[in-house]
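Only one structure is covered here, and it is reproduced in the block below.
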Number of protein chains: 2
Amino acid sequence: MKIIDVDVLDVRFPTSRTLDGSDAVHLDPDYSCAYVVLRTDDGPDGHGLTFTIGRGTEVVVEAVRSLAPFVTGRDTAELFGDLRGFWRQMVGDSQLRWIGPEKGAIHLAGAAIVNAVWDLYAKASEKPLWKLLADMSPRELVDVVDFTYITDAITPDEALDLLRAVAPGKQQREAQLRADGYPAYVTSVGWMGYDDAKVERLCHEALADGWTSFKMKVGGDPAEDARRAALIRGAVGDEHRLMMDANQRWDVDEAIDRVKALAEFNPFWIEEPTSPDDVLGHAAIAKAVAPIAVATGEHAHNRVMFKQLMQANAIGFCQIDSCRLGGVNEVIAVLLMAAKFGISVCPHAGGVGLCEYVQHLSAFDYIAVSASLDNRMTEYAEHLHEHFVAPIDVQGGRYMLPLAPGYSAEMRPESLAEFAFPAGACWR
Amino acid sequence: MKIIDVDVLDVRFPTSRTLDGSDAVHLDPDYSCAYVVLRTDDGPDGHGLTFTIGRGTEVVVEAVRSLAPFVTGRDTAELFGDLRGFWRQMVGDSQLRWIGPEKGAIHLAGAAIVNAVWDLYAKASEKPLWKLLADMSPRELVDVVDFTYITDAITPDEALDLLRAVAPGKQQREAQLRADGYPAYVTSVGWMGYDDAKVERLCHEALADGWTSFKMKVGGDPAEDARRAALIRGAVGDEHRLMMDANQRWDVDEAIDRVKALAEFNPFWIEEPTSPDDVLGHAAIAKAVAPIAVATGEHAHNRVMFKQLMQANAIGFCQIDSCRLGGVNEVIAVLLMAAKFGISVCPHAGGVGLCEYVQHLSAFDYIAVSASLDNRMTEYAEHLHEHFVAPIDVQGGRYMLPLAPGYSAEMRPESLAEFAFPAGACWR
């Protein structure tokens, strides 16, 4: 099988019209993606995406075009046989790397392609991605990871040992997830732009649906944050978890003051309290606001940033993003480091396609890497799942394992037609 | 005066054909830029660029188009009157920021526009940029800086105090630079791809021209690095400075070993020993290889990265890049932090247009911010200056002050025509 062409689409959903997804920094997101289809000559196509929030998607689309030569014309057996080498080619091109390296538009674009390659690999293997990964041997898994710049935190041999140590329980953990699903928390009750009545109604509906962990946005006016925290804490009850997400809104000292002021509402974590680039800032905040844990990751752009967040004791929760990181290969690198450092991975999701993606990553993490569900939850937001061919199945606050072959990012043709930007019916 | 249109060009020079600029990671750079012209209705045009190395320039060009609405149609008096507000708009757009934030293609593109705005401001003021900045009051300078995310390192009041403290000597330092120029070092003797005879010849020519500080590329095969270091040290003599640049080639532990192995050649600094994102890694290397100093910055993508490099004692030399940072505003933020932390700023240059840019920044730093020349040098490489309307004037290893109004990035029309990619004569 050969990849004969790479299609890329700019797809945007007008979520800013209802303020779904709104927070203190992203006031009016139009949830979007750069959507990639790897066309093959003989077999399934590979589908992949990277999540964006409206303007700027056109830049990522252009970057996908710049990276397309790395897959076009490739024999898939050869590609699947050296996924580390392929990944290094993508992120290490001697000219393209200048506009990263391993960050920003070019890394987001690479993620869409890398994710599409893994989708194709899983489809060709007739397995959902989590199962493809869970069935790989420790050696095979280590061989897809680029350890460049992280050997001071974890070596390939250490990763092998770690994977081998938990391998005996894989079957049992897989059976457990097949029966019970993977725990999740819900974000869509607490968007910044929703009015009180809507927030209360959503909290009560979520409780009725079996949710026990909830996230709200903070980082607005301090009094307003406190008022909304009281509202949501009141609605969900003291016995449940309430996470708070500041979306990078504060400077370091300000973050410490603001988190302390919200401590009375017993946040389970404070997410993105400051610049995503500020490892030392997160460490200072974590130290000052303990025992409230710091969470971050949706804007941590590569394994080097996560390495430092872990080395500096800056995070209690590691929020990998399936598209901000350079796709599945780099996600595995971070899962391995998190397991070594004993940090819980709670993937970032929501957006468009992120829930579809991270359900695979969390299942794989539990089955084959961390072997733990302690303090682990995958994010859930309710929007835009109807556009996917095989959408997530969430029941009673848990992700039920996806069983269709692939990585679940294939979108419905009628959705692509309607929301393609700027030519789709929605945008004309 | 109004900005009525934004032109953007992809301009590439075929430097890979002679391996000018080659290093251990960037094996075959085609020095390039995204080149921006702000067309005005009544007055000079503003010219700005961001440096790239070939493939990927098209992505930055697309990002410039995405940012163009922030200047198109703007009244320049209003723009020049609130440069902090303008800068925040550019980097803080609630949708575009997702594909950064403040990093990668979108930040490089923003730099080209911001630099063009400052060029226009300087031309409208009939001053070279360094003089425009040096003549601004401490309050006016502080007012162009966005202190978001750096107040734990420097507050606006601290910046004011620092600028006021050195203000009395500004005239004397300006006169000194007008007479003597600003010290520089030469990089173009030691590119990775040059053969021994060429390297030796270039060293001898540079000595004859008055150079006293030289930089070579390392990060290749260890024995080959040592051999080339011996060759260059032998050619330039023990009494001169020799800097070594690894261009991100090593992991942390590897960097420590490799720098120790090169210590016998007495490097003045080791530059980019590992990932530019690895603040903690640089700190570990700096501690292990002292008294050899660590230098980095050409890939440090924003003020938050520089803040941490300084807070962590990770760098002895701060190598600001006029295009990697978000243009003049963010450069000033980093100069202020460096002055507070007592770290020498030695700007990254070379490439195309970077020498033309950083001569202004170094002069301004000395006149109005650091007030020191101790251990300060601006990088110099000899290529591509002939394409600029007002190229640098380097004499006896020093940058002579540019006197033409503006920020010196305007390129000659015939160069633009020949090297425009892909339509120019060079690429057809």
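Each chain of the structure tokens is named A, B, ... in the order shown, its residues numbered from 1; ligands are numbered from 1 in display order.
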### Task
With a distance threshold of 8 Å and counting only C-alpha atoms, extract the residues of chain A near chain B and express them as a ChimeraX atom specification.
/A:25-30,52-60,62-63,66,94-96,98-101,103-106,108,148-152,250-253,274-275,277-280,304-305,308
### Message
What's around range 347-350 of chain A at 10 Å? Count only C-alpha atoms, leave out sequence neighbours fewer than 5 positions away in its own chain, and write the answer as a count of residues only.
### Response
36
### Task
Do a neighbour search on range 118-131 of chain B at 7 Å with only C-alpha atoms, toss out local chain neighbours closer than 2 positions, and write the hits as a PyMOL selection string.
chain B and resi 44-47+80+114-116+133-135+360-361+363-364+402-407
Kindly provide the residues of range 179-225 of chain A that approach range 157-173 of chain A to within 12 Å, each paired with its closest atom pair and their distance in Å to one decimal, based on only C-alpha atoms, listed by chain and increasing number, as CSV.
```
residue,atom,partner,partner_atom,distance
A:Ala179,CA,A:Arg173,CA,9.9
A:Asp180,CA,A:Arg173,CA,10.4
A:Gly181,CA,A:Arg173,CA,10.6
A:Tyr182,CA,A:Arg173,CA,10.7
```
### Message
Please report the interatomic distance between CA of Asp7 in chain A and CA of Val37 in chain A in Å with one decimal.
### Response
5.0 Å
### Query
What are the DSSP strand (DSSP E) residues of range 202-355 of chain B, as a PyMOL selection string?
chain B and resi 213-217+241-245+269-271+293-296+317-318+344-345
### Message
Taking only C-alpha atoms into account, name the residue in B:Arg74, B:Gly220, B:Leu262, B:Trp269 that is nearest to Met243 in chain B.
### Response
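Of the candidates, the smallest distance to Met243 in chain B is held by B:Trp269.
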### Query
DSSP says alpha helix (DSSP H) for which residues of range 173-348 of chain A? Put them as a PyMOL selection string?
chain A and resi 173-180+196-208+222-236+252-262+279-289+303-311+328-341
### Contacts of range 38-42 of chain A within 6 Å, only C-alpha atoms, excl. fewer than 4 positions in-chain, as a list of chain:residue names
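Result of the neighbour search: A:Met1, A:Lys2, A:Ile3, A:Ile4, A:Asp5, A:Val6, A:Gly46.
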### Task
Would you please work out which residue, of B:Leu49, B:Ala423, B:Glu272, B:Phe214, is nearest to Ala255 in chain B when using only C-alpha atoms?
B:Glu272
### Query
What lies within 6 Å of Trp211 in chain B using only C-alpha atoms, ignoring chain neighbours under 4 positions off, as a VMD selection string?
chain B and resid 206 to 207 397
### Task
Choose the residue, out of A:Asn313, A:Cys346, A:Asp374, A:Leu336, that has the smallest atom-to-atom separation from Pro156 in chain A; count only C-alpha atoms.
A:Leu336
